[in-house]
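Data file: model-v4.txt. Format and content: compact mmCIF, C-alpha atoms.
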# COMPACT_ATOMS: atom_id res chain seq x y z
CA MET A 24 -14.61 10.22 -20.67
CA ALA A 25 -15.22 10.74 -16.95
CA PHE A 26 -17.59 8.36 -15.21
CA PRO A 27 -20.74 9.96 -13.77
CA CYS A 28 -21.68 9.81 -10.11
CA HIS A 29 -24.32 7.21 -9.43
CA PRO A 30 -26.76 6.60 -6.57
CA GLU A 31 -25.32 3.10 -6.19
CA TRP A 32 -22.48 4.62 -4.21
CA ALA A 33 -24.70 4.61 -1.18
CA VAL A 34 -23.36 1.07 -0.85
CA CYS A 35 -19.77 2.30 -0.45
CA LYS A 36 -20.79 4.93 2.09
CA ARG A 37 -22.66 2.23 3.99
CA GLU A 38 -19.70 -0.15 4.01
CA LYS A 39 -17.38 2.65 5.05
CA ARG A 40 -19.55 3.18 8.11
CA LEU A 41 -19.00 -0.49 8.88
CA GLY A 42 -15.25 0.21 9.09
CA LEU A 43 -14.11 -1.39 5.85
CA ASP A 44 -10.81 -0.31 4.24
CA SER A 45 -11.25 3.09 2.61
CA ALA A 46 -8.68 2.49 -0.15
CA ALA A 47 -10.36 -0.75 -1.17
CA LEU A 48 -13.76 0.94 -1.08
CA ASP A 49 -12.50 3.69 -3.36
CA GLU A 50 -11.23 1.07 -5.81
CA LEU A 51 -14.53 -0.79 -5.54
CA ALA A 52 -16.44 2.42 -6.31
CA GLN A 53 -14.23 3.13 -9.33
CA SER A 54 -14.58 -0.42 -10.65
CA ARG A 55 -18.36 -0.42 -10.28
CA ARG A 56 -18.66 3.00 -11.96
CA PHE A 57 -16.59 1.60 -14.80
CA GLU A 58 -18.88 -1.41 -15.21
CA ILE A 59 -22.07 0.66 -14.92
CA ALA A 60 -20.85 3.07 -17.59
CA ILE A 61 -20.34 0.12 -19.96
CA GLU A 62 -23.74 -1.36 -19.09
CA ASP A 63 -25.49 1.95 -19.75
CA ARG A 64 -23.72 2.51 -23.07
CA CYS A 65 -24.64 -0.98 -24.26
CA ALA A 66 -28.29 -0.69 -23.21
CA GLU A 67 -30.94 0.21 -25.73
CA ARG A 68 -33.23 1.23 -22.86
CA LEU A 69 -32.84 2.15 -19.18
CA GLU A 70 -35.90 2.01 -16.94
CA PRO A 71 -35.76 3.40 -13.38
CA PHE A 72 -37.62 1.47 -10.71
CA GLU A 73 -38.08 2.06 -6.98
CA TRP A 74 -34.75 0.52 -5.94
CA GLY A 75 -32.55 1.07 -8.98
CA THR A 76 -32.36 0.77 -12.76
CA ALA A 77 -33.43 -1.94 -15.21
CA ILE A 78 -31.32 -2.30 -18.35
CA PHE A 79 -32.54 -3.81 -21.60
CA ARG A 80 -30.94 -5.07 -24.81
CA LEU A 81 -33.82 -6.89 -26.47
CA ASP A 82 -31.94 -7.82 -29.62
CA MET A 83 -29.92 -10.07 -27.25
CA PRO A 84 -32.68 -11.53 -25.04
CA ARG A 85 -30.64 -14.61 -24.09
CA VAL A 86 -27.80 -12.51 -22.66
CA HIS A 87 -28.66 -12.09 -18.99
CA ASP A 88 -25.92 -9.52 -18.38
CA GLN A 89 -27.56 -7.20 -20.92
CA ASN A 90 -31.06 -7.59 -19.45
CA LEU A 91 -31.22 -7.19 -15.69
CA LEU A 92 -32.31 -5.18 -12.68
CA ARG A 93 -29.52 -3.27 -10.94
CA VAL A 94 -30.26 -2.56 -7.26
CA GLU A 95 -28.87 0.82 -6.22
CA ARG A 96 -30.58 1.73 -2.93
CA GLY A 97 -32.79 0.41 -0.16
CA PHE A 98 -30.33 -2.33 0.75
CA ASP A 99 -31.43 -2.55 4.39
CA GLU A 100 -35.16 -2.75 3.70
CA LEU A 101 -35.50 -4.86 0.56
CA GLU A 102 -36.86 -8.40 0.62
CA ALA A 103 -36.35 -11.11 -2.00
CA ALA A 104 -40.09 -11.39 -2.68
CA GLN A 105 -40.24 -7.67 -3.46
CA LEU A 106 -37.36 -7.85 -5.90
CA GLY A 107 -38.72 -10.99 -7.52
CA ALA A 108 -42.11 -9.35 -8.05
CA GLU A 109 -40.45 -6.23 -9.44
CA ALA A 110 -38.39 -8.32 -11.87
CA ASP A 111 -41.59 -10.00 -13.07
CA ARG A 112 -43.34 -6.65 -13.45
CA ILE A 113 -40.52 -5.12 -15.47
CA GLN A 114 -39.03 -8.02 -17.45
CA ARG A 115 -42.13 -10.05 -18.33
CA PRO A 116 -43.68 -7.36 -20.60
CA ALA A 117 -40.37 -7.17 -22.46
CA GLY A 118 -40.77 -10.82 -23.42
CA LEU A 119 -37.69 -11.99 -21.52
CA SER A 120 -37.68 -15.62 -20.43
CA HIS A 121 -35.29 -15.03 -17.53
CA ARG A 122 -35.24 -12.77 -14.49
CA LYS A 123 -32.01 -11.31 -13.13
CA VAL A 124 -31.25 -9.00 -10.18
CA VAL A 125 -27.80 -7.68 -9.24
CA VAL A 126 -27.18 -6.63 -5.62
CA PRO A 127 -23.75 -4.94 -5.18
CA ASP A 128 -24.00 -4.77 -1.38
CA GLU A 129 -22.40 -7.80 0.32
CA THR A 130 -24.46 -7.60 3.51
CA ALA A 131 -27.74 -7.17 1.64
CA GLY A 132 -26.88 -9.95 -0.80
CA ALA A 133 -26.16 -12.40 2.00
CA ARG A 134 -29.37 -11.42 3.77
CA LEU A 135 -31.46 -11.83 0.59
CA SER A 136 -29.97 -15.18 -0.40
CA PRO A 137 -32.27 -17.45 1.68
CA GLY A 138 -35.35 -15.63 0.38
CA PHE A 139 -34.30 -16.02 -3.24
CA ALA A 140 -33.52 -19.70 -2.60
CA GLU A 141 -37.10 -20.17 -1.37
CA LEU A 142 -38.28 -18.60 -4.63
CA ALA A 143 -36.12 -21.11 -6.59
CA TRP A 144 -33.76 -18.44 -7.92
CA ARG A 145 -30.08 -19.26 -8.44
CA ARG A 146 -27.47 -17.29 -6.53
CA ALA A 147 -24.01 -16.30 -7.76
CA ARG A 148 -21.54 -14.61 -5.44
CA HIS A 149 -18.88 -12.65 -7.30
CA ILE A 150 -15.76 -11.10 -5.84
CA VAL A 151 -14.19 -7.95 -7.26
CA MET A 152 -10.40 -8.16 -7.21
CA ALA A 153 -7.83 -5.40 -7.78
CA HIS A 154 -4.22 -5.95 -8.76
CA ARG A 155 -1.58 -5.07 -6.18
CA GLY A 156 2.17 -4.71 -6.42
CA GLU A 157 4.52 -5.71 -9.20
CA PRO A 158 3.40 -7.02 -12.61
CA PRO A 159 3.12 -10.81 -12.94
CA GLY A 160 5.95 -12.62 -14.69
CA GLU A 161 6.24 -13.24 -18.40
CA PRO A 162 3.71 -15.85 -19.57
CA ARG A 163 5.15 -19.36 -20.02
CA HIS A 164 3.12 -19.79 -23.22
CA GLN A 165 3.19 -17.56 -26.27
CA VAL A 166 0.41 -14.98 -26.08
CA ARG A 167 -0.63 -12.78 -28.98
CA GLU A 168 -2.68 -9.58 -28.87
CA VAL A 169 -5.50 -9.42 -31.43
CA ASP A 170 -8.55 -7.29 -32.16
CA PRO A 171 -11.51 -8.56 -30.08
CA THR A 172 -13.57 -9.16 -33.22
CA ALA A 173 -11.10 -11.91 -34.18
CA LEU A 174 -12.59 -14.02 -31.37
CA ARG A 175 -16.14 -14.21 -32.74
CA GLY A 176 -15.91 -17.76 -34.06
CA ALA A 177 -13.91 -19.13 -31.14
CA ARG A 178 -16.28 -17.57 -28.62
CA THR A 179 -19.36 -18.95 -30.34
CA ARG A 180 -17.89 -22.45 -30.48
CA ALA A 181 -16.79 -22.30 -26.83
CA PHE A 182 -20.24 -21.28 -25.57
CA GLN A 183 -22.27 -23.53 -27.87
CA ASP A 184 -22.16 -26.71 -25.80
CA ASP A 185 -23.39 -25.00 -22.64
CA LEU A 186 -25.78 -22.45 -24.14
CA GLY A 187 -26.91 -23.70 -27.55
CA SER A 188 -26.18 -22.01 -30.85
CA MET A 189 -28.59 -19.08 -30.60
CA ALA A 190 -27.56 -18.03 -27.10
CA ALA A 191 -23.88 -18.58 -27.91
CA ALA A 192 -24.11 -16.25 -30.91
CA GLN A 193 -25.85 -13.62 -28.79
CA VAL A 194 -23.20 -13.83 -26.04
CA ALA A 195 -20.44 -13.45 -28.64
CA ALA A 196 -22.26 -10.44 -30.12
CA SER A 197 -22.67 -8.98 -26.62
CA LEU A 198 -18.93 -9.17 -26.00
CA GLU A 199 -18.26 -7.41 -29.30
CA LEU A 200 -20.80 -4.74 -28.33
CA ILE A 201 -18.97 -4.17 -25.03
CA ALA A 202 -15.67 -3.81 -26.88
CA SER A 203 -17.26 -1.25 -29.22
CA VAL A 204 -18.35 1.11 -26.41
CA VAL A 205 -14.98 1.18 -24.61
CA PRO A 206 -12.31 3.61 -25.88
CA ARG A 207 -9.69 0.87 -25.88
CA ALA A 208 -10.57 -2.83 -26.05
CA ARG A 209 -7.87 -5.46 -26.46
CA ALA A 210 -7.80 -9.26 -26.59
CA PHE A 211 -5.00 -11.68 -25.69
CA ILE A 212 -4.95 -15.22 -27.03
CA VAL A 213 -3.07 -18.50 -26.90
CA GLU A 214 -3.29 -20.41 -30.19
CA VAL A 215 -2.90 -24.07 -31.06
CA ASP A 216 -2.55 -24.89 -34.76
CA GLY A 217 -3.52 -21.33 -35.60
CA GLU A 218 -6.80 -21.37 -33.64
CA PRO A 219 -7.50 -19.48 -30.39
CA VAL A 220 -7.93 -21.95 -27.52
CA SER A 221 -7.65 -19.52 -24.59
CA TRP A 222 -8.28 -15.81 -24.36
CA CYS A 223 -9.29 -12.81 -22.30
CA ALA A 224 -10.28 -9.21 -22.94
CA LEU A 225 -8.88 -6.00 -21.51
CA TYR A 226 -11.06 -2.88 -21.42
CA GLU A 227 -9.31 0.43 -20.69
CA GLU A 228 -10.58 3.92 -19.97
CA ASP A 229 -9.52 6.88 -17.82
CA GLY A 230 -6.74 5.04 -16.02
CA ILE A 231 -8.75 1.91 -15.30
CA GLY A 232 -8.30 -1.52 -16.87
CA GLN A 233 -10.71 -4.43 -16.52
CA VAL A 234 -9.62 -7.97 -17.37
CA ASP A 235 -12.71 -9.87 -18.49
CA ASP A 236 -14.05 -12.82 -20.51
CA VAL A 237 -11.36 -15.28 -19.43
CA VAL A 238 -12.07 -18.49 -21.36
CA THR A 239 -10.19 -21.67 -22.19
CA ALA A 240 -11.77 -24.18 -24.57
CA GLY A 241 -12.68 -27.40 -22.73
CA SER A 242 -10.08 -29.80 -24.11
CA TYR A 243 -7.26 -27.30 -23.53
CA ARG A 244 -7.83 -26.61 -19.84
CA ARG A 245 -5.32 -27.32 -17.06
CA ARG A 246 -2.37 -26.46 -19.29
CA GLY A 247 -1.67 -22.95 -17.99
CA TYR A 248 -3.16 -21.17 -20.99
CA GLY A 249 -5.70 -19.22 -18.92
CA ARG A 250 -2.96 -18.08 -16.58
CA ALA A 251 -0.87 -16.95 -19.55
CA VAL A 252 -3.56 -14.72 -21.09
CA VAL A 253 -4.44 -13.14 -17.73
CA GLU A 254 -0.75 -12.49 -17.07
CA ALA A 255 -0.42 -10.84 -20.48
CA ALA A 256 -3.53 -8.69 -20.04
CA THR A 257 -2.51 -7.63 -16.54
CA ARG A 258 0.98 -6.72 -17.71
CA ALA A 259 -0.51 -4.74 -20.60
CA SER A 260 -2.86 -2.83 -18.29
CA LEU A 261 -0.03 -1.93 -15.92
CA ALA A 262 2.21 -0.96 -18.84
CA SER A 263 -0.55 1.40 -20.02
CA GLY A 264 -0.21 3.23 -16.71
CA ASN A 265 -3.66 2.36 -15.42
CA HIS A 266 -3.92 3.20 -11.72
CA LEU A 267 -6.51 0.44 -11.21
CA THR A 268 -6.56 -2.98 -12.84
CA PHE A 269 -9.39 -5.22 -11.73
CA LEU A 270 -11.39 -8.32 -12.58
CA VAL A 271 -14.49 -10.10 -11.27
CA ALA A 272 -14.35 -13.77 -10.23
CA ASP A 273 -16.87 -16.38 -9.15
CA ASP A 274 -16.41 -16.89 -5.42
CA ASP A 275 -17.53 -20.53 -5.78
CA ASP A 276 -14.92 -21.46 -8.41
CA TRP A 277 -11.16 -22.03 -8.34
CA PRO A 278 -9.84 -19.30 -10.74
CA LYS A 279 -9.99 -16.74 -7.92
CA GLU A 280 -7.07 -18.60 -6.34
CA LEU A 281 -5.08 -18.27 -9.56
CA TYR A 282 -5.82 -14.54 -9.66
CA GLU A 283 -4.58 -14.20 -6.09
CA ARG A 284 -1.28 -15.81 -7.12
CA LEU A 285 -1.03 -13.25 -9.93
CA GLY A 286 -1.31 -10.35 -7.48
CA TYR A 287 -5.06 -9.71 -7.28
CA ALA A 288 -6.74 -9.05 -3.94
CA ARG A 289 -10.42 -8.97 -3.01
CA ILE A 290 -11.91 -5.47 -2.66
CA GLY A 291 -15.62 -6.27 -2.66
CA VAL A 292 -18.47 -8.72 -3.20
CA ARG A 293 -21.69 -8.60 -5.15
CA TYR A 294 -24.57 -11.02 -5.52
CA GLU A 295 -26.46 -11.94 -8.68
CA PHE A 296 -29.81 -13.71 -8.51
CA THR A 297 -31.27 -15.37 -11.61
CA ARG A 298 -34.38 -17.36 -12.50
CA THR A 299 -34.75 -19.14 -15.84
Please render this file's structure as structure tokens.
Amino acid sequence: MAFPCHPEWAVCKREKRLGLDSAALDELAQSRRFEIAIEDRCAERLEPFEWGTAIFRLDMPRVHDQNLLRVERGFDELEAAQLGAEADRIQRPAGLSHRKVVVPDETAGARLSPGFAELAWRRARHIVMAHRGEPPGEPRHQVREVDPTALRGARTRAFQDDLGSMAAAQVAASLELIASVVPRARAFIVEVDGEPVSWCALYEEDGIGQVDDVVTAGSYRRRGYGRAVVEAATRASLASGNHLTFLVADDDDWPKELYERLGYARIGVRYEFTRT
């Protein structure tokens, strides 16, 4: 299935005018189209607003990534107060307890950050990274490929401490929903005593692979398990012949450095603003 054109690509045209690398911008555009296509397929409702599209999945109200406002235009003019008011106008009637706005333009996101901080919204800065060069080496730990649905219990247990049981179950269901709307969804796991303790997903379509949902259960961290599953997923994506393999990392956390060692390079930045 080909990915549709989307007004969000004003951001790539804008960054190209700023002299950014055209190859990286093309990869960034492809990766964002890929993610938007998944978001739209998962949504039970899409609602246009002045600066973009709101997506809703109200059977999963605790899953912020399924209920958000996606900014697609007006990057130079928007103010945080405007976006915050728009989020209230759109998300409050839906009964959502959170507000979330995604800004895929790095310059606009940086400019809006102080305003959202004044409004007591949290900021997350995410970097989009594309794989370059040769495949990573063979994983040092044994990694097994499984159907993504096999991770339901492990995912719920892993998220429970941070999110509570209801939200954890909804996040696990959300990840299964994502896998169901992608032509090829795969999962790679490291097991201890027959139980998954580290895993990641690989979504593939039209020559693009996204490595996502990289998780290691708390007591099993710092053992190289996360590295092993990402290595396996990356190798699998490249072996499939995908011309683009990418992932999204938190710019304020250390795994981005691991991904760099595995051959991933930054191609773009987006900002996510949330209020709970």
Report, as lines of an AutoDock Vina configuration file, the axis-aligned box around all atoms of segment 190-205 of chain A present in the file, extended by 6 Å on each side; give centre and edge lengths in Å to one decimal place.
center_x = -21.3
center_y = -8.7
center_z = -27.8
size_x = 24.6
size_y = 31.8
size_z = 18.3
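For the choices A:Asp185, A:Gln89, A:Trp144, A:Gly286, the atom-to-atom distance to Ser197 of chain A is smallest for A:Gln89 when using all atoms listed in the file.
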Just want the 9 Å neighbourhood of Arg122 of chain A, counted on all atoms listed in the file, with same-chain residues fewer than 6 positions away dropped. Output as a PyMOL selection string. chain A and resi 87+90-92+107+110-111+114-115+144+296-299
Any idea what's packed within 8 Å of Gly138 of chain A, counting only C-alpha atoms, ignoring anything in its chain fewer than 6 positions away? Could you give it as a VMD selection string? chain A and resid 102 to 104
Got a sec: who's within 7 Å of segment 161-166 of chain A, counting all atoms listed in the file, leaving out chain neighbours fewer than 6 positions off, as JSON, numbers by chain? {"A": [211, 212, 213, 248, 251, 252, 254, 255]}
Residue contacts of Tyr282 of chain A (10 Å, all atoms listed in the file) excluding same-chain residues fewer than 2 positions away, as a short mmCIF file (atom, residue, chain, number, x, y, z; two decimals) with C-alpha atoms, in the coordinates of the input:
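And here's out_11.cif as it stands now:
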data_model
loop_
_atom_site.label_atom_id
_atom_site.label_comp_id
_atom_site.auth_asym_id
_atom_site.auth_seq_id
_atom_site.Cartn_x
_atom_site.Cartn_y
_atom_site.Cartn_z
CA MET A 152 -10.40 -8.16 -7.21
CA ALA A 153 -7.83 -5.40 -7.78
CA HIS A 154 -4.22 -5.95 -8.76
CA ARG A 250 -2.96 -18.08 -16.58
CA VAL A 253 -4.44 -13.14 -17.73
CA GLU A 254 -0.75 -12.49 -17.07
CA LEU A 270 -11.39 -8.32 -12.58
CA VAL A 271 -14.49 -10.10 -11.27
CA ALA A 272 -14.35 -13.77 -10.23
CA TRP A 277 -11.16 -22.03 -8.34
CA PRO A 278 -9.84 -19.30 -10.74
CA LYS A 279 -9.99 -16.74 -7.92
CA GLU A 280 -7.07 -18.60 -6.34
CA ARG A 284 -1.28 -15.81 -7.12
CA LEU A 285 -1.03 -13.25 -9.93
CA GLY A 286 -1.31 -10.35 -7.48
CA TYR A 287 -5.06 -9.71 -7.28
CA ALA A 288 -6.74 -9.05 -3.94
CA ARG A 289 -10.42 -8.97 -3.01
#
Identify which of the residues A:Arg155, A:Leu69, A:Ala224, A:Arg246 lies closest to Ile290 of chain A, counting only C-alpha atoms when measuring atom-to-atom distances. A:Arg155
Check the smallest atom-to-atom distance from each of A:Thr76, A:Leu198, A:Ile231, A:Val86 to Leu186 of chain A using only C-alpha atoms, then report the winner. A:Val86
Residue contacts of segment 227-230 of chain A (6 Å, all atoms listed in the file) excluding same-chain residues fewer than 4 positions away, as an MDAnalysis selection string: chainID A and resid 207 265:266
Nearest residue to Ile150 of chain A from the set A:Ile61, A:Val238, A:Leu51, A:Met83 (distances using only C-alpha atoms): A:Leu51
For a test of reading the model, state the distance in Å between atom CA of Ile113 of chain A and atom CA of Phe79 of chain A, rounded to one decimal.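 Taking atom CA of Ile113 of chain A as the start and atom CA of Phe79 of chain A as the end point, the length is 10.1 Å.
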Distance atom CA of Glu141 of chain A-atom CA of Val125 of chain A, one decimal place?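 These two atoms are separated by 17.4 Å.
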Please identify all polymer residues lying at most 12 Å from the point (-12.2, -7.5, -30.7) (file coordinates), using all atoms listed in the file, and present the result as a PyMOL selection string. chain A and resi 168-178+195-205+207-212+222-226+236
Those residues with C-alpha atoms, as a JSON list (two decimals), in the coordinates of the input please?
[["chain", "number", "residue", "atom", "x", "y", "z"],
["A", 168, "GLU", "CA", -2.68, -9.58, -28.87],
["A", 169, "VAL", "CA", -5.50, -9.42, -31.43],
["A", 170, "ASP", "CA", -8.55, -7.29, -32.16],
["A", 171, "PRO", "CA", -11.51, -8.56, -30.08],
["A", 172, "THR", "CA", -13.57, -9.16, -33.22],
["A", 173, "ALA", "CA", -11.10, -11.91, -34.18],
["A", 174, "LEU", "CA", -12.59, -14.02, -31.37],
["A", 175, "ARG", "CA", -16.14, -14.21, -32.74],
["A", 176, "GLY", "CA", -15.91, -17.76, -34.06],
["A", 177, "ALA", "CA", -13.91, -19.13, -31.14],
["A", 178, "ARG", "CA", -16.28, -17.57, -28.62],
["A", 195, "ALA", "CA", -20.44, -13.45, -28.64],
["A", 196, "ALA", "CA", -22.26, -10.44, -30.12],
["A", 197, "SER", "CA", -22.67, -8.98, -26.62],
["A", 198, "LEU", "CA", -18.93, -9.17, -26.00],
["A", 199, "GLU", "CA", -18.26, -7.41, -29.30],
["A", 200, "LEU", "CA", -20.80, -4.74, -28.33],
["A", 201, "ILE", "CA", -18.97, -4.17, -25.03],
["A", 202, "ALA", "CA", -15.67, -3.81, -26.88],
["A", 203, "SER", "CA", -17.26, -1.25, -29.22],
["A", 204, "VAL", "CA", -18.35, 1.11, -26.41],
["A", 205, "VAL", "CA", -14.98, 1.18, -24.61],
["A", 207, "ARG", "CA", -9.69, 0.87, -25.88],
["A", 208, "ALA", "CA", -10.57, -2.83, -26.05],
["A", 209, "ARG", "CA", -7.87, -5.46, -26.46],
["A", 210, "ALA", "CA", -7.80, -9.26, -26.59],
["A", 211, "PHE", "CA", -5.00, -11.68, -25.69],
["A", 212, "ILE", "CA", -4.95, -15.22, -27.03],
["A", 222, "TRP", "CA", -8.28, -15.81, -24.36],
["A", 223, "CYS", "CA", -9.29, -12.81, -22.30],
["A", 224, "ALA", "CA", -10.28, -9.21, -22.94],
["A", 225, "LEU", "CA", -8.88, -6.00, -21.51],
["A", 226, "TYR", "CA", -11.06, -2.88, -21.42],
["A", 236, "ASP", "CA", -14.05, -12.82, -20.51]]
Minimum-distance residue to Pro219 of chain A, chosen among A:Leu267, A:Leu261, A:Ala181, A:Ala191 (using all atoms listed in the file): A:Ala181
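Atom CA of Gly241 of chain A is positioned 10.1 Å from atom CA of Phe182 of chain A.
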Calculated over all atoms listed in the file, which of the candidates A:Val124, A:Ala143, A:Ala259, A:Val237 has the smallest distance to Arg293 of chain A? A:Val124
